[in-house]
Amino acid sequence: MTRSPKTVFLSDRIIDAEALMHRHKIHSLIVVDQAGKLAGIVELYDLMRG
């Protein structure tokens with residue numbers, strides 16, 4: 001389990017999420033709303049198909 005998982009907000013741009021994944025050499029991010037509650041998970045594959 002990851003000690004400090006990387007997260008993005010629902011309002012963040014896709015390109016910023018992709019850059020974060022590349023910078024940290026990871027393939028998925030946790031997506032949270034403005035209150036910090038889980039909204040979903042996005043994977044690099046999802047961004048590549050979209």
# chains A, B, ... in the order shown; residues from 1 in each chain; ligands from 1

call {"tool": "select_by_dssp", "arguments": {"residues": "chain A", "states": "strand (DSSP E or B)", "output": "VMD selection string"}}
result
chain A and resid 7 to 9 28 to 32 38 to 43

call {"tool": "residues_around", "arguments": {"residues": "Val31 of chain A", "least_positions_apart": "3", "cutoff": "6 Å", "atoms": "only C-alpha atoms", "output": "PyMOL selection string"}}
result
chain A and resi 7-9+39-41

call {"tool": "select_by_dssp", "arguments": {"residues": "chain A", "states": "helix (DSSP H, G or I)", "output": "PDB file with N, CA and C atoms, in the first residue's frame"}}
result
ATOM      1  N   ILE A  14      -6.701  17.468 -17.333  1.00  0.00           N
ATOM      2  CA  ILE A  14      -6.190  16.145 -17.688  1.00  0.00           C
ATOM      3  C   ILE A  14      -4.692  16.196 -17.929  1.00  0.00           C
ATOM      4  N   ILE A  15      -4.226  17.218 -18.616  1.00  0.00           N
ATOM      5  CA  ILE A  15      -2.798  17.321 -18.912  1.00  0.00           C
ATOM      6  C   ILE A  15      -1.966  17.426 -17.636  1.00  0.00           C
ATOM      7  N   ASP A  16      -2.520  18.061 -16.606  1.00  0.00           N
ATOM      8  CA  ASP A  16      -1.806  18.170 -15.331  1.00  0.00           C
ATOM      9  C   ASP A  16      -1.751  16.822 -14.616  1.00  0.00           C
ATOM     10  N   ALA A  17      -2.824  16.058 -14.700  1.00  0.00           N
ATOM     11  CA  ALA A  17      -2.849  14.720 -14.107  1.00  0.00           C
ATOM     12  C   ALA A  17      -1.828  13.822 -14.809  1.00  0.00           C
ATOM     13  N   GLU A  18      -1.780  13.912 -16.119  1.00  0.00           N
ATOM     14  CA  GLU A  18      -0.828  13.106 -16.885  1.00  0.00           C
ATOM     15  C   GLU A  18       0.616  13.489 -16.539  1.00  0.00           C
ATOM     16  N   ALA A  19       0.872  14.759 -16.401  1.00  0.00           N
ATOM     17  CA  ALA A  19       2.220  15.222 -16.054  1.00  0.00           C
ATOM     18  C   ALA A  19       2.622  14.725 -14.662  1.00  0.00           C
ATOM     19  N   LEU A  20       1.693  14.727 -13.740  1.00  0.00           N
ATOM     20  CA  LEU A  20       1.959  14.237 -12.391  1.00  0.00           C
ATOM     21  C   LEU A  20       2.318  12.752 -12.417  1.00  0.00           C
ATOM     22  N   MET A  21       1.604  11.990 -13.226  1.00  0.00           N
ATOM     23  CA  MET A  21       1.897  10.559 -13.353  1.00  0.00           C
ATOM     24  C   MET A  21       3.302  10.343 -13.912  1.00  0.00           C
ATOM     25  N   HIS A  22       3.638  11.079 -14.936  1.00  0.00           N
ATOM     26  CA  HIS A  22       4.965  10.930 -15.543  1.00  0.00           C
ATOM     27  C   HIS A  22       6.076  11.363 -14.580  1.00  0.00           C
ATOM     28  N   ARG A  23       5.842  12.458 -13.867  1.00  0.00           N
ATOM     29  CA  ARG A  23       6.847  12.986 -12.943  1.00  0.00           C
ATOM     30  C   ARG A  23       7.161  11.996 -11.822  1.00  0.00           C
ATOM     31  N   HIS A  24       6.124  11.298 -11.347  1.00  0.00           N
ATOM     32  CA  HIS A  24       6.302  10.364 -10.231  1.00  0.00           C
ATOM     33  C   HIS A  24       6.410   8.905 -10.683  1.00  0.00           C
ATOM     34  N   LEU A  44      -3.448   5.988 -16.249  1.00  0.00           N
ATOM     35  CA  LEU A  44      -2.806   6.540 -17.429  1.00  0.00           C
ATOM     36  C   LEU A  44      -3.481   6.027 -18.704  1.00  0.00           C
ATOM     37  N   TYR A  45      -3.859   4.779 -18.703  1.00  0.00           N
ATOM     38  CA  TYR A  45      -4.550   4.188 -19.865  1.00  0.00           C
ATOM     39  C   TYR A  45      -5.837   4.954 -20.168  1.00  0.00           C
ATOM     40  N   ASP A  46      -6.576   5.363 -19.134  1.00  0.00           N
ATOM     41  CA  ASP A  46      -7.818   6.132 -19.329  1.00  0.00           C
ATOM     42  C   ASP A  46      -7.533   7.443 -20.054  1.00  0.00           C
ATOM     43  N   LEU A  47      -6.424   8.079 -19.699  1.00  0.00           N
ATOM     44  CA  LEU A  47      -6.084   9.368 -20.311  1.00  0.00           C
ATOM     45  C   LEU A  47      -5.643   9.185 -21.755  1.00  0.00           C
ATOM     46  N   MET A  48      -4.993   8.071 -22.035  1.00  0.00           N
ATOM     47  CA  MET A  48      -4.494   7.822 -23.385  1.00  0.00           C
ATOM     48  C   MET A  48      -5.632   7.503 -24.356  1.00  0.00           C
ATOM     49  N   ARG A  49      -6.707   6.878 -23.859  1.00  0.00           N
ATOM     50  CA  ARG A  49      -7.819   6.548 -24.749  1.00  0.00           C
ATOM     51  C   ARG A  49      -8.746   7.733 -24.963  1.00  0.00           C
TER      52      ARG A  49
END

call {"tool": "closest_residue", "arguments": {"among": "A:Asp33, A:Lys25, A:Leu38, A:Glu43", "to": "Ser11 of chain A", "atoms": "only C-alpha atoms"}}
result
A:Asp33

call {"tool": "decode", "arguments": {"residues": "segment 14-35 of chain A", "atoms": "N, CA, C and O atoms", "output": "PDB file, in the first residue's frame"}}
result
ATOM      1  N   ILE A  14      -6.701  17.468 -17.333  1.00  0.00           N
ATOM      2  CA  ILE A  14      -6.190  16.145 -17.688  1.00  0.00           C
ATOM      3  C   ILE A  14      -4.692  16.196 -17.929  1.00  0.00           C
ATOM      4  O   ILE A  14      -3.950  15.324 -17.485  1.00  0.00           O
ATOM      5  N   ILE A  15      -4.226  17.218 -18.616  1.00  0.00           N
ATOM      6  CA  ILE A  15      -2.798  17.321 -18.912  1.00  0.00           C
ATOM      7  C   ILE A  15      -1.966  17.426 -17.636  1.00  0.00           C
ATOM      8  O   ILE A  15      -0.851  16.917 -17.562  1.00  0.00           O
ATOM      9  N   ASP A  16      -2.520  18.061 -16.606  1.00  0.00           N
ATOM     10  CA  ASP A  16      -1.806  18.170 -15.331  1.00  0.00           C
ATOM     11  C   ASP A  16      -1.751  16.822 -14.616  1.00  0.00           C
ATOM     12  O   ASP A  16      -0.726  16.478 -14.012  1.00  0.00           O
ATOM     13  N   ALA A  17      -2.824  16.058 -14.700  1.00  0.00           N
ATOM     14  CA  ALA A  17      -2.849  14.720 -14.107  1.00  0.00           C
ATOM     15  C   ALA A  17      -1.828  13.822 -14.809  1.00  0.00           C
ATOM     16  O   ALA A  17      -1.080  13.081 -14.156  1.00  0.00           O
ATOM     17  N   GLU A  18      -1.780  13.912 -16.119  1.00  0.00           N
ATOM     18  CA  GLU A  18      -0.828  13.106 -16.885  1.00  0.00           C
ATOM     19  C   GLU A  18       0.616  13.489 -16.539  1.00  0.00           C
ATOM     20  O   GLU A  18       1.482  12.618 -16.363  1.00  0.00           O
ATOM     21  N   ALA A  19       0.872  14.759 -16.401  1.00  0.00           N
ATOM     22  CA  ALA A  19       2.220  15.222 -16.054  1.00  0.00           C
ATOM     23  C   ALA A  19       2.622  14.725 -14.662  1.00  0.00           C
ATOM     24  O   ALA A  19       3.766  14.319 -14.452  1.00  0.00           O
ATOM     25  N   LEU A  20       1.693  14.727 -13.740  1.00  0.00           N
ATOM     26  CA  LEU A  20       1.959  14.237 -12.391  1.00  0.00           C
ATOM     27  C   LEU A  20       2.318  12.752 -12.417  1.00  0.00           C
ATOM     28  O   LEU A  20       3.255  12.315 -11.746  1.00  0.00           O
ATOM     29  N   MET A  21       1.604  11.990 -13.226  1.00  0.00           N
ATOM     30  CA  MET A  21       1.897  10.559 -13.353  1.00  0.00           C
ATOM     31  C   MET A  21       3.302  10.343 -13.912  1.00  0.00           C
ATOM     32  O   MET A  21       4.050   9.507 -13.401  1.00  0.00           O
ATOM     33  N   HIS A  22       3.638  11.079 -14.936  1.00  0.00           N
ATOM     34  CA  HIS A  22       4.965  10.930 -15.543  1.00  0.00           C
ATOM     35  C   HIS A  22       6.076  11.363 -14.580  1.00  0.00           C
ATOM     36  O   HIS A  22       7.102  10.695 -14.473  1.00  0.00           O
ATOM     37  N   ARG A  23       5.842  12.458 -13.867  1.00  0.00           N
ATOM     38  CA  ARG A  23       6.847  12.986 -12.943  1.00  0.00           C
ATOM     39  C   ARG A  23       7.161  11.996 -11.822  1.00  0.00           C
ATOM     40  O   ARG A  23       8.300  11.843 -11.414  1.00  0.00           O
ATOM     41  N   HIS A  24       6.124  11.298 -11.347  1.00  0.00           N
ATOM     42  CA  HIS A  24       6.302  10.364 -10.231  1.00  0.00           C
ATOM     43  C   HIS A  24       6.410   8.905 -10.683  1.00  0.00           C
ATOM     44  O   HIS A  24       6.483   8.007  -9.850  1.00  0.00           O
ATOM     45  N   LYS A  25       6.394   8.708 -12.010  1.00  0.00           N
ATOM     46  CA  LYS A  25       6.505   7.359 -12.583  1.00  0.00           C
ATOM     47  C   LYS A  25       5.460   6.412 -12.004  1.00  0.00           C
ATOM     48  O   LYS A  25       5.766   5.312 -11.526  1.00  0.00           O
ATOM     49  N   ILE A  26       4.200   6.882 -12.034  1.00  0.00           N
ATOM     50  CA  ILE A  26       3.072   6.090 -11.559  1.00  0.00           C
ATOM     51  C   ILE A  26       2.041   5.976 -12.669  1.00  0.00           C
ATOM     52  O   ILE A  26       2.090   6.725 -13.656  1.00  0.00           O
ATOM     53  N   HIS A  27       1.112   5.051 -12.515  1.00  0.00           N
ATOM     54  CA  HIS A  27       0.124   4.805 -13.562  1.00  0.00           C
ATOM     55  C   HIS A  27      -1.306   5.128 -13.159  1.00  0.00           C
ATOM     56  O   HIS A  27      -2.218   5.002 -13.971  1.00  0.00           O
ATOM     57  N   SER A  28      -1.512   5.523 -11.907  1.00  0.00           N
ATOM     58  CA  SER A  28      -2.873   5.857 -11.479  1.00  0.00           C
ATOM     59  C   SER A  28      -2.841   6.931 -10.393  1.00  0.00           C
ATOM     60  O   SER A  28      -1.851   7.092  -9.679  1.00  0.00           O
ATOM     61  N   LEU A  29      -3.942   7.659 -10.327  1.00  0.00           N
ATOM     62  CA  LEU A  29      -4.106   8.727  -9.342  1.00  0.00           C
ATOM     63  C   LEU A  29      -5.479   8.605  -8.695  1.00  0.00           C
ATOM     64  O   LEU A  29      -6.450   8.190  -9.344  1.00  0.00           O
ATOM     65  N   ILE A  30      -5.558   9.021  -7.448  1.00  0.00           N
ATOM     66  CA  ILE A  30      -6.841   9.095  -6.762  1.00  0.00           C
ATOM     67  C   ILE A  30      -7.445  10.460  -7.075  1.00  0.00           C
ATOM     68  O   ILE A  30      -6.763  11.486  -6.996  1.00  0.00           O
ATOM     69  N   VAL A  31      -8.714  10.474  -7.426  1.00  0.00           N
ATOM     70  CA  VAL A  31      -9.420  11.712  -7.737  1.00  0.00           C
ATOM     71  C   VAL A  31     -10.313  12.056  -6.550  1.00  0.00           C
ATOM     72  O   VAL A  31     -11.079  11.217  -6.072  1.00  0.00           O
ATOM     73  N   VAL A  32     -10.191  13.290  -6.064  1.00  0.00           N
ATOM     74  CA  VAL A  32     -10.991  13.739  -4.928  1.00  0.00           C
ATOM     75  C   VAL A  32     -11.784  14.983  -5.301  1.00  0.00           C
ATOM     76  O   VAL A  32     -11.412  15.727  -6.212  1.00  0.00           O
ATOM     77  N   ASP A  33     -12.889  15.204  -4.567  1.00  0.00           N
ATOM     78  CA  ASP A  33     -13.667  16.423  -4.786  1.00  0.00           C
ATOM     79  C   ASP A  33     -13.051  17.549  -3.950  1.00  0.00           C
ATOM     80  O   ASP A  33     -12.036  17.360  -3.277  1.00  0.00           O
ATOM     81  N   GLN A  34     -13.658  18.719  -3.965  1.00  0.00           N
ATOM     82  CA  GLN A  34     -13.101  19.877  -3.264  1.00  0.00           C
ATOM     83  C   GLN A  34     -13.059  19.681  -1.753  1.00  0.00           C
ATOM     84  O   GLN A  34     -12.268  20.314  -1.057  1.00  0.00           O
ATOM     85  N   ALA A  35     -13.904  18.776  -1.229  1.00  0.00           N
ATOM     86  CA  ALA A  35     -13.911  18.480   0.206  1.00  0.00           C
ATOM     87  C   ALA A  35     -12.873  17.421   0.566  1.00  0.00           C
ATOM     88  O   ALA A  35     -12.711  17.078   1.732  1.00  0.00           O
TER      89      ALA A  35
END
